[in-house]
$ cat input_25.csv   # CSV, C-alpha atoms and all ligand atoms
chain,number,residue,atom,x,y,z
A,17,MET,CA,19.8,-12.3,7.6
A,18,THR,CA,22.6,-11.8,5.1
A,19,GLN,CA,23.7,-15.4,5.0
A,20,THR,CA,20.3,-16.9,5.5
A,21,GLU,CA,18.1,-17.8,2.5
A,22,VAL,CA,15.3,-15.2,2.3
A,23,ARG,CA,12.0,-17.0,2.0
A,24,PHE,CA,9.9,-14.2,0.5
A,25,ARG,CA,10.3,-11.6,-2.2
A,26,THR,CA,11.1,-8.1,-1.0
A,27,LEU,CA,11.0,-4.8,-2.9
A,28,ARG,CA,14.5,-3.5,-2.7
A,29,PRO,CA,16.3,-6.3,-4.6
A,30,TRP,CA,13.5,-6.5,-7.1
A,31,LEU,CA,13.8,-2.8,-7.8
A,32,LEU,CA,17.5,-3.1,-8.3
A,33,LYS,CA,17.1,-6.0,-10.7
A,34,THR,CA,14.2,-4.4,-12.6
A,35,PHE,CA,15.6,-0.8,-12.9
A,36,GLY,CA,19.3,-1.6,-12.8
A,37,ARG,CA,19.9,0.9,-10.1
A,38,PRO,CA,19.0,1.6,-6.5
A,39,VAL,CA,15.5,3.2,-6.4
A,40,HIS,CA,14.0,5.4,-3.7
A,41,ARG,CA,10.5,6.7,-3.2
A,42,ILE,CA,9.3,10.2,-2.8
A,43,ALA,CA,5.9,10.6,-1.1
A,44,LEU,CA,3.6,13.3,-2.6
A,45,ASP,CA,0.4,14.9,-1.5
A,46,ALA,CA,-1.6,16.2,-4.5
A,47,GLY,CA,-4.3,17.7,-2.3
A,48,SER,CA,-6.9,15.1,-3.4
A,49,SER,CA,-9.9,14.1,-1.3
A,50,CYS,CA,-11.8,10.9,-0.6
A,51,PRO,CA,-15.4,10.0,-1.3
A,52,ASN,CA,-15.4,8.3,2.1
A,53,ARG,CA,-14.7,11.6,3.8
A,54,ASP,CA,-16.4,14.3,1.7
A,55,GLY,CA,-19.9,12.9,2.1
A,56,THR,CA,-20.2,11.4,-1.4
A,57,LEU,CA,-20.0,7.9,0.0
A,58,GLY,CA,-19.6,8.6,3.7
A,59,ARG,CA,-18.2,11.0,6.3
A,60,GLY,CA,-15.4,10.4,8.7
A,61,GLY,CA,-13.6,7.9,6.5
A,62,CYS,CA,-12.3,4.4,7.3
A,63,THR,CA,-12.2,3.8,11.0
A,64,TYR,CA,-8.4,3.5,11.1
A,65,CYS,CA,-7.7,6.5,8.8
A,66,ASP,CA,-6.5,9.8,10.3
A,67,VAL,CA,-7.5,13.2,8.9
A,68,GLU,CA,-4.5,13.3,6.6
A,69,GLY,CA,-5.9,10.4,4.6
A,70,SER,CA,-3.0,8.0,5.4
A,71,GLY,CA,-0.7,10.4,3.7
A,72,THR,CA,2.0,13.0,4.1
A,73,GLY,CA,-0.2,16.1,4.8
A,74,ALA,CA,2.5,18.1,2.8
A,75,LEU,CA,0.0,20.2,0.9
A,76,LYS,CA,-1.8,21.2,4.0
A,77,ASN,CA,1.5,22.3,5.3
A,78,GLY,CA,1.7,24.7,2.4
A,79,LEU,CA,4.1,22.7,0.2
A,80,GLU,CA,2.9,22.9,-3.4
A,81,LEU,CA,3.2,19.8,-5.5
A,82,GLU,CA,6.1,21.2,-7.6
A,83,GLU,CA,8.0,22.1,-4.5
A,84,GLN,CA,7.4,18.6,-3.0
A,85,VAL,CA,8.8,17.0,-6.1
A,86,GLU,CA,11.8,19.2,-6.2
A,87,LYS,CA,12.5,18.8,-2.5
A,88,GLY,CA,12.1,15.0,-2.8
A,89,LEU,CA,14.4,14.7,-5.8
A,90,LYS,CA,17.0,16.8,-4.1
A,91,ARG,CA,16.8,14.6,-1.0
A,92,VAL,CA,17.4,11.5,-3.1
A,93,ALA,CA,20.2,13.1,-5.1
A,94,ARG,CA,22.1,13.8,-1.9
A,95,ARG,CA,22.5,10.0,-1.6
A,96,GLY,CA,24.8,10.2,-4.7
A,97,PRO,CA,24.5,9.8,-8.5
A,98,GLY,CA,22.7,7.0,-10.3
A,99,PHE,CA,19.6,6.6,-8.3
A,100,GLY,CA,16.1,6.0,-9.6
A,101,VAL,CA,13.0,7.5,-8.0
A,102,ILE,CA,9.4,6.4,-7.6
A,103,ALA,CA,6.9,9.3,-7.4
A,104,TYR,CA,4.3,8.1,-5.0
A,105,PHE,CA,1.0,10.0,-4.8
A,106,GLN,CA,0.2,8.8,-1.4
A,107,SER,CA,-2.5,10.9,0.3
A,108,TYR,CA,-6.2,10.2,-0.1
A,109,SER,CA,-7.7,8.9,-3.4
A,110,ASN,CA,-5.7,10.4,-6.2
A,111,THR,CA,-8.1,9.5,-9.0
A,112,TYR,CA,-11.0,11.0,-7.2
A,113,VAL,CA,-10.5,14.3,-9.1
A,114,SER,CA,-11.6,15.7,-12.5
A,115,PRO,CA,-9.8,14.4,-15.6
A,116,GLU,CA,-8.2,17.9,-15.9
A,117,ARG,CA,-6.9,17.8,-12.4
A,118,LEU,CA,-5.4,14.3,-12.8
A,119,ARG,CA,-3.7,15.4,-16.0
A,120,GLU,CA,-2.4,18.5,-14.2
A,121,VAL,CA,-1.0,16.5,-11.3
A,122,LEU,CA,0.7,14.0,-13.5
A,123,GLY,CA,2.0,16.9,-15.6
A,124,VAL,CA,4.1,18.0,-12.6
A,125,VAL,CA,6.1,14.7,-12.7
A,126,GLU,CA,6.2,14.3,-16.5
A,127,PRO,CA,9.4,16.3,-17.0
A,128,TYR,CA,11.3,13.8,-14.9
A,129,LEU,CA,9.9,10.6,-16.4
A,130,GLY,CA,12.7,8.2,-17.3
A,131,ASN,CA,15.3,10.0,-15.4
A,132,PRO,CA,15.3,10.1,-12.4
A,133,LEU,CA,11.7,8.9,-12.2
A,134,VAL,CA,11.5,5.3,-13.1
A,135,CYS,CA,8.0,4.6,-11.8
A,136,VAL,CA,4.8,6.4,-10.8
A,137,ALA,CA,2.6,5.0,-8.0
A,138,VAL,CA,-0.9,6.3,-7.4
A,139,ALA,CA,-2.9,5.5,-4.3
A,140,THR,CA,-6.6,5.3,-4.8
A,141,ARG,CA,-9.8,3.4,-3.9
A,142,PRO,CA,-11.3,0.6,-5.9
A,143,ASP,CA,-14.4,2.6,-6.5
A,144,THR,CA,-12.7,5.8,-7.8
A,145,LEU,CA,-11.1,4.4,-10.9
A,146,GLU,CA,-13.0,5.6,-13.9
A,147,ASP,CA,-12.1,4.5,-17.5
A,148,TRP,CA,-10.7,8.0,-18.2
A,149,ALA,CA,-8.4,7.7,-15.2
A,150,LEU,CA,-7.1,4.4,-16.4
A,151,GLU,CA,-6.5,5.9,-19.9
A,152,GLU,CA,-4.6,8.8,-18.3
A,153,LEU,CA,-2.4,6.5,-16.2
A,154,ALA,CA,-1.9,4.2,-19.2
A,155,ARG,CA,-0.5,7.2,-21.1
A,156,ILE,CA,2.2,7.6,-18.4
A,157,ASN,CA,2.7,3.9,-18.3
A,158,ARG,CA,3.9,4.0,-21.9
A,159,ARG,CA,6.9,5.9,-20.6
A,160,VAL,CA,7.5,4.4,-17.1
A,161,PRO,CA,5.7,1.7,-15.2
A,162,VAL,CA,2.6,3.0,-13.3
A,163,TRP,CA,1.3,1.2,-10.2
A,164,VAL,CA,-2.2,1.7,-8.9
A,165,GLU,CA,-2.2,1.2,-5.1
A,166,MET,CA,-5.5,0.1,-3.7
A,167,GLY,CA,-6.6,-1.0,-0.3
A,168,LEU,CA,-8.3,-4.4,0.0
A,169,GLU,CA,-7.4,-4.5,3.7
A,170,SER,CA,-9.6,-7.5,4.4
A,171,ALA,CA,-11.3,-10.1,2.2
A,172,ASP,CA,-14.4,-10.2,4.3
A,173,ASP,CA,-17.2,-7.8,3.4
A,174,ARG,CA,-18.5,-7.8,7.0
A,175,VAL,CA,-15.1,-6.6,8.2
A,176,LEU,CA,-15.0,-4.0,5.5
A,177,LEU,CA,-18.4,-2.7,6.5
A,178,ASP,CA,-17.3,-2.5,10.2
A,179,LEU,CA,-14.3,-0.5,9.0
A,180,ASN,CA,-16.5,1.8,7.1
A,181,ARG,CA,-14.5,1.1,3.9
A,182,LEU,CA,-17.7,1.4,1.9
A,183,HIS,CA,-16.5,-0.9,-0.9
A,184,THR,CA,-16.7,-4.6,-1.2
A,185,VAL,CA,-14.2,-7.3,-1.9
A,186,ALA,CA,-15.7,-7.7,-5.4
A,187,ASP,CA,-15.2,-4.0,-6.0
A,188,PHE,CA,-11.5,-4.5,-5.3
A,189,GLU,CA,-11.3,-7.6,-7.6
A,190,THR,CA,-13.0,-5.7,-10.5
A,191,ALA,CA,-10.8,-2.6,-10.1
A,192,ALA,CA,-7.7,-4.7,-10.0
A,193,ALA,CA,-8.8,-6.6,-13.2
A,194,ARG,CA,-9.5,-3.3,-15.0
A,195,ALA,CA,-6.2,-1.8,-14.0
A,196,ARG,CA,-4.3,-4.9,-15.1
A,197,ALA,CA,-6.2,-4.9,-18.4
A,198,ALA,CA,-5.1,-1.3,-18.9
A,199,GLY,CA,-1.5,-2.6,-18.6
A,200,LEU,CA,-0.9,-1.1,-15.1
A,201,GLY,CA,0.7,-2.8,-12.1
A,202,VAL,CA,-1.5,-3.2,-9.0
A,203,VAL,CA,-0.3,-3.0,-5.5
A,204,GLY,CA,-2.8,-4.3,-3.0
A,205,HIS,CA,-2.9,-3.3,0.6
A,206,ALA,CA,-3.8,-5.5,3.5
A,207,ILE,CA,-4.1,-5.1,7.3
A,208,LEU,CA,-3.8,-8.0,9.6
A,209,GLY,CA,-5.5,-8.0,13.0
A,210,LEU,CA,-8.6,-6.1,12.0
A,211,PRO,CA,-11.6,-6.5,14.3
A,212,GLY,CA,-13.5,-9.7,13.4
A,213,ASP,CA,-10.9,-10.8,10.8
A,214,GLY,CA,-8.7,-13.1,12.9
A,215,ARG,CA,-6.0,-15.5,11.8
A,216,VAL,CA,-8.2,-17.0,9.2
A,217,GLY,CA,-8.6,-13.5,7.7
A,218,ALA,CA,-4.9,-13.3,7.0
A,219,ARG,CA,-5.0,-16.3,4.7
A,220,ARG,CA,-8.3,-15.2,3.1
A,221,THR,CA,-6.9,-11.7,2.3
A,222,ALA,CA,-3.7,-13.1,0.8
A,223,GLU,CA,-5.8,-15.5,-1.4
A,224,VAL,CA,-7.8,-12.5,-2.9
A,225,LEU,CA,-4.6,-10.5,-3.4
A,226,ALA,CA,-3.0,-13.5,-5.2
A,227,ARG,CA,-6.1,-14.2,-7.2
A,228,SER,CA,-6.3,-10.6,-8.2
A,229,GLY,CA,-2.9,-10.7,-9.8
A,230,CYS,CA,-1.4,-7.9,-7.8
A,231,LEU,CA,2.2,-7.2,-8.7
A,232,GLY,CA,3.0,-6.0,-5.2
A,233,VAL,CA,1.6,-6.3,-1.8
A,234,LYS,CA,1.8,-4.0,1.2
A,235,VAL,CA,0.8,-5.6,4.5
A,236,HIS,CA,0.9,-4.3,8.1
A,237,HIS,CA,-0.5,-4.9,11.5
A,238,LEU,CA,-3.5,-2.9,12.7
A,239,MET,CA,-2.3,0.3,14.2
A,240,ILE,CA,-4.5,2.7,16.3
A,241,LEU,CA,-3.8,6.3,15.3
A,242,LYS,CA,-4.8,9.4,17.1
A,243,ARG,CA,-7.9,11.3,15.8
A,244,THR,CA,-9.5,8.2,14.3
A,245,ALA,CA,-12.8,6.4,15.0
A,246,LEU,CA,-10.7,3.3,15.9
A,247,ALA,CA,-8.9,5.3,18.6
A,248,ARG,CA,-12.2,5.9,20.4
A,249,MET,CA,-13.1,2.2,20.1
A,250,TRP,CA,-9.7,1.2,21.4
A,251,ALA,CA,-10.0,3.7,24.3
A,252,ALA,CA,-13.3,2.1,25.2
A,253,GLY,CA,-11.7,-1.4,25.2
A,254,ARG,CA,-13.6,-2.5,22.1
A,255,VAL,CA,-10.5,-3.1,19.9
A,256,GLU,CA,-7.3,-5.0,20.6
A,257,THR,CA,-4.1,-5.0,18.7
A,258,LEU,CA,-1.7,-7.8,18.0
A,259,ASP,CA,1.6,-8.5,19.8
A,260,PRO,CA,4.6,-9.0,17.6
A,261,THR,CA,4.7,-12.8,18.0
A,262,THR,CA,1.1,-13.2,16.9
A,263,TYR,CA,1.6,-10.8,14.0
A,264,VAL,CA,4.6,-12.7,12.7
A,265,THR,CA,2.6,-16.0,13.0
A,266,TRP,CA,-0.3,-14.6,11.0
A,267,LEU,CA,2.1,-12.8,8.6
A,268,ALA,CA,3.8,-16.2,7.8
A,269,ASP,CA,0.3,-17.6,7.0
A,270,PHE,CA,-0.3,-14.6,4.8
A,271,VAL,CA,3.0,-14.9,2.9
A,272,GLU,CA,2.6,-18.6,2.4
A,273,THR,CA,-0.7,-18.0,0.7
A,274,LEU,CA,0.4,-15.2,-1.7
A,275,HIS,CA,1.6,-16.0,-5.2
A,276,PRO,CA,5.3,-16.8,-5.2
A,277,ASP,CA,6.0,-14.0,-7.7
A,278,GLN,CA,4.4,-11.2,-5.8
A,279,ILE,CA,6.7,-8.5,-4.3
A,280,LEU,CA,6.2,-7.6,-0.7
A,281,HIS,CA,6.6,-3.8,-0.6
A,282,ARG,CA,6.0,-3.6,3.1
A,283,LEU,CA,5.8,-6.1,6.0
A,284,THR,CA,4.9,-3.9,8.9
A,285,GLY,CA,3.5,-0.4,9.6
A,286,ASP,CA,5.7,2.6,10.3
A,287,SER,CA,3.4,5.3,11.5
A,288,PRO,CA,5.0,8.4,13.0
A,289,ALA,CA,5.5,8.0,16.8
A,290,GLU,CA,3.5,11.1,17.6
A,291,LYS,CA,0.4,9.7,15.9
A,292,LEU,CA,0.6,6.1,17.2
A,293,LEU,CA,-1.5,5.1,20.2
A,294,ALA,CA,-1.1,1.3,19.9
A,295,PRO,CA,0.6,-1.1,19.6
A,296,GLN,CA,3.8,0.2,21.0
A,297,TRP,CA,6.2,-2.6,20.0
A,298,GLY,CA,9.4,-0.6,20.0
A,299,ILE,CA,10.7,-3.0,17.3
A,300,HIS,CA,12.5,-2.0,14.2
A,301,LYS,CA,10.8,-3.2,10.9
A,302,ASN,CA,14.0,-5.2,10.1
A,303,GLU,CA,13.4,-7.3,13.2
A,304,ILE,CA,9.9,-8.2,12.0
A,305,ARG,CA,11.4,-9.2,8.6
A,306,GLU,CA,14.0,-11.4,10.4
A,307,ARG,CA,11.4,-13.0,12.6
A,308,LEU,CA,9.2,-13.7,9.6
A,309,ASN,CA,12.1,-15.5,7.9
A,310,ASP,CA,12.8,-17.4,11.0
A,311,GLU,CA,9.2,-18.5,11.3
A,312,LEU,CA,9.1,-19.7,7.7
A,313,GLN,CA,12.4,-21.5,8.1
A,314,ARG,CA,11.0,-23.2,11.3
A,315,ARG,CA,8.0,-24.3,9.3
A,316,GLY,CA,10.0,-25.4,6.3
A,317,THR,CA,7.9,-23.2,4.1
A,318,ARG,CA,8.2,-20.1,1.9
A,319,GLN,CA,6.2,-17.5,0.0
A,320,GLY,CA,3.6,-19.0,-2.2
A,321,CYS,CA,4.2,-22.5,-1.0
A,322,LEU,CA,0.5,-23.3,-0.9
A,323,GLY,CA,0.6,-23.2,-4.6
A,324,ALA,CA,-3.0,-22.4,-5.0
A,325,PHE,CA,-2.5,-19.8,-7.7
A,326,SER,CA,-0.6,-20.4,-10.9
A,327,GLY,CA,-1.6,-17.2,-12.8
A,328,GLN,CA,0.7,-14.4,-13.8
A,329,THR,CA,1.1,-11.3,-11.7
A,330,ARG,CA,1.6,-7.9,-13.2
A,401,LIG,S1,-10.3,5.4,1.5
A,401,LIG,FE1,-8.2,5.9,2.1
A,401,LIG,S2,-8.2,8.2,2.4
A,401,LIG,FE2,-10.3,7.5,2.3
A,401,LIG,S3,-10.9,7.3,4.5
A,401,LIG,FE3,-10.3,5.3,3.8
A,401,LIG,S4,-8.1,5.1,4.2
A,401,LIG,FE4,-8.7,7.3,4.4

$ encode --input "input_25.csv" --output "structure tokens"
Amino acid sequence: MTQTEVRFRTLRPWLLKTFGRPVHRIALDAGSSCPNRDGTLGRGGCTYCDVEGSGTGALKNGLELEEQVEKGLKRVARRGPGFGVIAYFQSYSNTYVSPERLREVLGVVEPYLGNPLVCVAVATRPDTLEDWALEELARINRRVPVWVEMGLESADDRVLLDLNRLHTVADFETAAARARAAGLGVVGHAILGLPGDGRVGARRTAEVLARSGCLGVKVHHLMILKRTALARMWAAGRVETLDPTTYVTWLADFVETLHPDQILHRLTGDSPAEKLLAPQWGIHKNEIRERLNDELQRRGTRQGCLGAFSGQTR
């Protein structure tokens, strides 16, 4: 795809332009929990989520946060000098903790802010973002950009209910607006191919992500992971997954509907092979990226071509 015009905005070139150097991510597990697992909202979690909370599981493996940070920074440093790093608190809902704990967790990365950490990303849920958490993140944001990563997944409340997400589309929109008002970047997550969402769901989800002013978007196809509620439904023949051609078609719809400024952080899932039950595509993520570009080229369209949203992203 080197000589072909790329018809959507991807993360790597944007990071290079924004931070003036190549930037890599280190994924961190701060040992947080999730109200959708501990009984506060629900038990068992979202139907697609495995017991590690869509995360690294590093803390469960005995790696303290400080150790994870040092190990991650060393791994990036081996690539050579001059790299920037994003500290990504990935597992579970990282603002579903006490104010003291959030301050303690952020304190582990504070010594590295500016160099080599150029950004901090914090995964959470739309309903676990209290004002004090926003203030704490805004404090870090005065030094390096902070992104709040939140799952929308689908823009249909019925689909969210079936997924056992236990928040609504409106919850996501409100949380995104509050995070943006606090000066934070929002990265919204979406899944295409969720039961009951269909092709129309792809466009609908992109519309909400665009309207919510998300700076970044992560999208992937529905994956069935071992030890999930969805795995049991899939084994009983009650859930189907997408083939790559269908996914790329729906992904093209999704990308056309986004805001033209939004940055696509991810275009496909990359679950560890030992966890993945379906689909077994055997396709590298770069091929999905190339097929998406080919599809947009074939249609004569590009990201944001529907032009429905003219607001700023941040
Ligand atoms: S909110 Fe996140 S961590 Fe919690 S169950 Fe759902 S996907 Fe898993």

$ residues_near_ligand --input "input_25.csv" --ligand "ligand LIG 401 (chain A)" --cutoff "8 Å" --atoms "only C-alpha atoms and all ligand atoms" --output "list in words"
Ser49, Cys50, Pro51, Asn52, Arg53, Gly60, Gly61, Cys62, Thr63, Tyr64, Cys65, Asp66, Val67, Glu68, Gly69, Ser70, Gly71, Ser107, Tyr108, Ser109, Thr140, Arg141, Gly167, Asn180 and Arg181 of chain A

$ closest_residue --input "input_25.csv" --among "A:Thr144, A:Leu129, A:Arg194, A:Val39" --to "A:Pro97" --atoms "all atoms listed in the file"
A:Val39

$ residues_near_point --input "input_25.csv" --point "(9.5, -15.0, 2.1)" --cutoff "9 Å" --atoms "only C-alpha atoms" --output "ChimeraX atom specification"
/A:22-26,268,271-272,276,280,305,308-309,312,317-320

$ write_last_selection --input "input_25.csv" --atoms "C-alpha atoms" --output "PDB file, keeping the file's coordinate frame"
ATOM      1  CA  VAL A  22      15.300 -15.200   2.300  1.00  0.00           C
ATOM      2  CA  ARG A  23      12.000 -17.000   2.000  1.00  0.00           C
ATOM      3  CA  PHE A  24       9.900 -14.200   0.500  1.00  0.00           C
ATOM      4  CA  ARG A  25      10.300 -11.600  -2.200  1.00  0.00           C
ATOM      5  CA  THR A  26      11.100  -8.100  -1.000  1.00  0.00           C
ATOM      6  CA  ALA A 268       3.800 -16.200   7.800  1.00  0.00           C
ATOM      7  CA  VAL A 271       3.000 -14.900   2.900  1.00  0.00           C
ATOM      8  CA  GLU A 272       2.600 -18.600   2.400  1.00  0.00           C
ATOM      9  CA  PRO A 276       5.300 -16.800  -5.200  1.00  0.00           C
ATOM     10  CA  LEU A 280       6.200  -7.600  -0.700  1.00  0.00           C
ATOM     11  CA  ARG A 305      11.400  -9.200   8.600  1.00  0.00           C
ATOM     12  CA  LEU A 308       9.200 -13.700   9.600  1.00  0.00           C
ATOM     13  CA  ASN A 309      12.100 -15.500   7.900  1.00  0.00           C
ATOM     14  CA  LEU A 312       9.100 -19.700   7.700  1.00  0.00           C
ATOM     15  CA  THR A 317       7.900 -23.200   4.100  1.00  0.00           C
ATOM     16  CA  ARG A 318       8.200 -20.100   1.900  1.00  0.00           C
ATOM     17  CA  GLN A 319       6.200 -17.500   0.000  1.00  0.00           C
ATOM     18  CA  GLY A 320       3.600 -19.000  -2.200  1.00  0.00           C
TER      19      GLY A 320
END

$ residues_around --input "input_25.csv" --residues "A:Arg158" --least-positions-apart "6" --cutoff "12 Å" --atoms "all atoms listed in the file" --output "ChimeraX atom specification"
/A:126,129-130,134-136,151-152,198-200

$ residues_around --input "input_25.csv" --residues "A:Leu145" --least-positions-apart "2" --cutoff "9 Å" --atoms "all atoms listed in the file" --output "JSON, numbers by chain"
{"A": [111, 112, 140, 141, 142, 143, 147, 148, 149, 150, 191, 194, 195]}

$ decode --input "input_25.csv" --residues "stretch 132-156 of chain A" --atoms "N, CA and C atoms" --output "PDB file, in the first residue's frame"
ATOM      1  N   PRO A 132      10.500   9.026  28.703  1.00  0.00           N
ATOM      2  CA  PRO A 132      10.036   8.757  27.341  1.00  0.00           C
ATOM      3  C   PRO A 132       8.513   8.735  27.188  1.00  0.00           C
ATOM      4  N   LEU A 133       7.749   8.876  28.305  1.00  0.00           N
ATOM      5  CA  LEU A 133       6.293   8.811  28.140  1.00  0.00           C
ATOM      6  C   LEU A 133       5.760  10.093  27.499  1.00  0.00           C
ATOM      7  N   VAL A 134       5.124   9.943  26.377  1.00  0.00           N
ATOM      8  CA  VAL A 134       4.566  11.117  25.694  1.00  0.00           C
ATOM      9  C   VAL A 134       3.048  11.160  25.820  1.00  0.00           C
ATOM     10  N   CYS A 135       2.479  10.107  26.381  1.00  0.00           N
ATOM     11  CA  CYS A 135       1.016  10.034  26.470  1.00  0.00           C
ATOM     12  C   CYS A 135       0.632   8.955  27.480  1.00  0.00           C
ATOM     13  N   VAL A 136      -0.494   9.166  28.158  1.00  0.00           N
ATOM     14  CA  VAL A 136      -1.031   8.152  29.066  1.00  0.00           C
ATOM     15  C   VAL A 136      -2.450   7.832  28.597  1.00  0.00           C
ATOM     16  N   ALA A 137      -2.734   6.542  28.426  1.00  0.00           N
ATOM     17  CA  ALA A 137      -4.079   6.117  28.011  1.00  0.00           C
ATOM     18  C   ALA A 137      -4.668   5.246  29.108  1.00  0.00           C
ATOM     19  N   VAL A 138      -5.920   5.513  29.439  1.00  0.00           N
ATOM     20  CA  VAL A 138      -6.553   4.845  30.579  1.00  0.00           C
ATOM     21  C   VAL A 138      -7.869   4.222  30.112  1.00  0.00           C
ATOM     22  N   ALA A 139      -7.934   2.896  30.151  1.00  0.00           N
ATOM     23  CA  ALA A 139      -9.172   2.219  29.762  1.00  0.00           C
ATOM     24  C   ALA A 139     -10.158   2.231  30.928  1.00  0.00           C
ATOM     25  N   THR A 140     -11.398   2.529  30.621  1.00  0.00           N
ATOM     26  CA  THR A 140     -12.417   2.501  31.669  1.00  0.00           C
ATOM     27  C   THR A 140     -13.799   2.310  31.043  1.00  0.00           C
ATOM     28  N   ARG A 141     -14.827   2.397  31.887  1.00  0.00           N
ATOM     29  CA  ARG A 141     -16.204   2.303  31.424  1.00  0.00           C
ATOM     30  C   ARG A 141     -16.854   3.687  31.490  1.00  0.00           C
ATOM     31  N   PRO A 142     -17.875   3.928  30.666  1.00  0.00           N
ATOM     32  CA  PRO A 142     -18.541   5.237  30.715  1.00  0.00           C
ATOM     33  C   PRO A 142     -19.162   5.558  32.068  1.00  0.00           C
ATOM     34  N   ASP A 143     -19.499   4.508  32.858  1.00  0.00           N
ATOM     35  CA  ASP A 143     -20.178   4.764  34.127  1.00  0.00           C
ATOM     36  C   ASP A 143     -19.236   4.717  35.332  1.00  0.00           C
ATOM     37  N   THR A 144     -17.927   4.736  35.083  1.00  0.00           N
ATOM     38  CA  THR A 144     -16.984   4.742  36.214  1.00  0.00           C
ATOM     39  C   THR A 144     -16.025   5.921  36.082  1.00  0.00           C
ATOM     40  N   LEU A 145     -16.574   7.053  35.692  1.00  0.00           N
ATOM     41  CA  LEU A 145     -15.728   8.217  35.458  1.00  0.00           C
ATOM     42  C   LEU A 145     -16.229   9.380  36.318  1.00  0.00           C
ATOM     43  N   GLU A 146     -15.877   9.317  37.592  1.00  0.00           N
ATOM     44  CA  GLU A 146     -16.336  10.356  38.525  1.00  0.00           C
ATOM     45  C   GLU A 146     -15.572  11.661  38.267  1.00  0.00           C
ATOM     46  N   ASP A 147     -16.108  12.753  38.806  1.00  0.00           N
ATOM     47  CA  ASP A 147     -15.449  14.055  38.615  1.00  0.00           C
ATOM     48  C   ASP A 147     -14.027  14.061  39.164  1.00  0.00           C
ATOM     49  N   TRP A 148     -13.824  13.398  40.350  1.00  0.00           N
ATOM     50  CA  TRP A 148     -12.473  13.402  40.926  1.00  0.00           C
ATOM     51  C   TRP A 148     -11.476  12.683  40.006  1.00  0.00           C
ATOM     52  N   ALA A 149     -11.976  11.629  39.307  1.00  0.00           N
ATOM     53  CA  ALA A 149     -11.097  10.891  38.387  1.00  0.00           C
ATOM     54  C   ALA A 149     -10.722  11.780  37.198  1.00  0.00           C
ATOM     55  N   LEU A 150     -11.698  12.514  36.693  1.00  0.00           N
ATOM     56  CA  LEU A 150     -11.416  13.437  35.587  1.00  0.00           C
ATOM     57  C   LEU A 150     -10.397  14.491  36.019  1.00  0.00           C
ATOM     58  N   GLU A 151     -10.555  14.988  37.259  1.00  0.00           N
ATOM     59  CA  GLU A 151      -9.603  16.009  37.754  1.00  0.00           C
ATOM     60  C   GLU A 151      -8.193  15.436  37.869  1.00  0.00           C
ATOM     61  N   GLU A 152      -8.120  14.211  38.344  1.00  0.00           N
ATOM     62  CA  GLU A 152      -6.806  13.553  38.493  1.00  0.00           C
ATOM     63  C   GLU A 152      -6.152  13.350  37.114  1.00  0.00           C
ATOM     64  N   LEU A 153      -6.951  12.913  36.165  1.00  0.00           N
ATOM     65  CA  LEU A 153      -6.414  12.705  34.815  1.00  0.00           C
ATOM     66  C   LEU A 153      -6.062  14.046  34.162  1.00  0.00           C
ATOM     67  N   ALA A 154      -6.863  15.064  34.457  1.00  0.00           N
ATOM     68  CA  ALA A 154      -6.573  16.400  33.899  1.00  0.00           C
ATOM     69  C   ALA A 154      -5.242  16.931  34.445  1.00  0.00           C
ATOM     70  N   ARG A 155      -4.923  16.565  35.698  1.00  0.00           N
ATOM     71  CA  ARG A 155      -3.643  16.984  36.293  1.00  0.00           C
ATOM     72  C   ARG A 155      -2.477  16.403  35.463  1.00  0.00           C
ATOM     73  N   ILE A 156      -2.577  15.121  35.095  1.00  0.00           N
ATOM     74  CA  ILE A 156      -1.534  14.491  34.265  1.00  0.00           C
ATOM     75  C   ILE A 156      -1.552  15.101  32.862  1.00  0.00           C
TER      76      ILE A 156
END
